[in-house]
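Scroll down for the structure; my scribbles are underneath it.
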Amino acid sequence: EPEVTQTPSHQVTQMGQEVILRCVPISNHLYFYWYRQILGQKVEFLVSFYNNEISEKSEIFDDQFSVERPDGSNFTLKIRSTKLEDSAMYFCASRIQSMTQYFGPGTRLLVL
Amino acid sequence: GESVGLHLPTLSVQEGDNSIINCAYSNSASDYFIWYKQESGKGPQFIIDIRSNMDKRQGQRVTVLLNKTVKHLSLQIAATQPGDSAVYFCAENIRGGATNKLIFGTGTLLAVQP
């Protein structure tokens, strides 16, 4: 069964460093998302992406965040200058025309 | 505003019993709802969904009930098994622009006792 995959599974970085989180959505999917989950809290929407552009972004998704679909398979989330409060699980999700979003296993980001 | 370090509601059941997990949603315009299961260290896993024009939908061992009058969802799991132990989230679909986004509930920890 096709799955959303994410790399790396864990990332430790120093405050102020740039990180790139990678996702490979399900191959025929058209809509792509990033969510995050701070430890012990609920999953929060960050950004949606369709037709090679951002469709919607939340207040969390400030100028330090960017997304890119550099080729036909990868979907990346970049944080330019990480802060302590960026420590969280980051989930990628994708869907086709139906509304069901399928989630990847997540990347655990720890900012020291 | 958001709470820091939310304390998850917990439902503890015996193996073989039925479980009912409840969720309140906030947006009257939400047109689609999903229940996700999240095991420790993993991403949310789709369980079952329901559109707003339905009251009930059944899957294998799971049933979702939707009460739009009081903006309430429930997930019923029949004959609960130890493998069902996880955090369960309801999510409401919000339409926005060309895409949709999911707004997740707080989550309920289901603990199945063997």
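Quick note on naming: the chains in the structure tokens go A, B, ... in the order shown, residues restart at 1 in each chain, and ligands are numbered from 1 in order of appearance.
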_I'd like the neighbourhood of segment 53-67 of chain A as a PyMOL selection string, where a residue qualifies if any of its atoms comes within 12 Å (using only C-alpha atoms), though same-chain residues fewer than 3 positions away should be ignored._
(chain A and resi 16-23+30-37+44-50+70+74-83+85-86+92) or (chain B and resi 94-103)
*Identify all chain B residues at most 12 Å from chain A by counting only C-alpha atoms; ligands do not count. Present them as a VMD selection string.*
chain B and resid 2 to 9 30 to 51 87 to 109
*Find the residues near Thr63 of chain B: any atom within 12 Å, counting only C-alpha atoms, skip ones fewer than 5 places away on the same chain, and give them as JSON, numbers by chain.*
{"B": [18, 19, 20, 21, 22, 34, 35, 47, 48, 49, 50, 55, 56, 57, 58, 73, 74, 75, 76, 77, 78]}
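The coordinates place atom CA of Pro114 of chain B at 6.2 Å from atom CA of Gln14 of chain B.
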*Find the residue from A:Ser87, A:Asn28, A:Ser94, A:Glu68 that sits nearest to Gln11 of chain A; use only C-alpha atoms when measuring.*
A:Ser87
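Compared by their closest atoms to Gly16 of chain B, and using only C-alpha atoms, the residues B:Leu65, B:Ala79, B:Ala86, B:Leu110 rank with B:Ala79 nearest.
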*When DSSP works through the backbone of this structure, what residues of chain B end up as strand (DSSP E or B), shown as a PyMOL selection string?*
chain B and resi 10-14+19-24+32-38+45-51+56-58+62-67+72-77+86-96+99-104+108-113
*Within 8 Å of His10 of chain A, counting only C-alpha atoms, which residues qualify if same-chain residues fewer than 2 places away don't, as a PyMOL selection string?*
chain A and resi 7-8+12+107-110
N, CA and C atoms of the current selection, written as an mmCIF file, in the first residue's frame:
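Writing the result to part_13.cif gives the following:
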```cif
data_model
loop_
_atom_site.group_PDB
_atom_site.id
_atom_site.type_symbol
_atom_site.label_atom_id
_atom_site.label_comp_id
_atom_site.auth_asym_id
_atom_site.auth_seq_id
_atom_site.Cartn_x
_atom_site.Cartn_y
_atom_site.Cartn_z
ATOM 1 N N THR A 7 11.979 11.963 5.735
ATOM 2 C CA THR A 7 13.354 11.845 6.212
ATOM 3 C C THR A 7 13.866 13.208 6.658
ATOM 4 N N PRO A 8 14.736 13.255 7.663
ATOM 5 C CA PRO A 8 15.128 12.136 8.506
ATOM 6 C C PRO A 8 14.033 11.822 9.527
ATOM 7 N N VAL A 12 18.594 16.708 15.108
ATOM 8 C CA VAL A 12 19.000 17.577 16.212
ATOM 9 C C VAL A 12 19.820 18.720 15.614
ATOM 10 N N THR A 107 8.982 13.677 11.341
ATOM 11 C CA THR A 107 10.383 13.959 11.687
ATOM 12 C C THR A 107 10.377 14.634 13.043
ATOM 13 N N ARG A 108 11.131 14.054 13.965
ATOM 14 C CA ARG A 108 11.242 14.678 15.293
ATOM 15 C C ARG A 108 12.401 15.663 15.250
ATOM 16 N N LEU A 109 12.100 16.937 15.391
ATOM 17 C CA LEU A 109 13.115 17.994 15.367
ATOM 18 C C LEU A 109 13.367 18.478 16.781
ATOM 19 N N LEU A 110 14.634 18.483 17.155
ATOM 20 C CA LEU A 110 15.036 18.994 18.465
ATOM 21 C C LEU A 110 16.028 20.135 18.250
#
```
*Just how far from atom CA of Arg69 of chain A is atom CA of Thr13 of chain A, in Å to one decimal?*
23.1 Å
*In terms of the shortest atom-to-atom distance over only C-alpha atoms, which of B:Pro82, B:Lys68, B:Asn27, B:Asp17 is closest to Met54 of chain B?*
B:Lys68
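Across the structure, atom CA of Ser27 of chain A and atom CA of Ser73 of chain A are spaced 6.9 Å apart.
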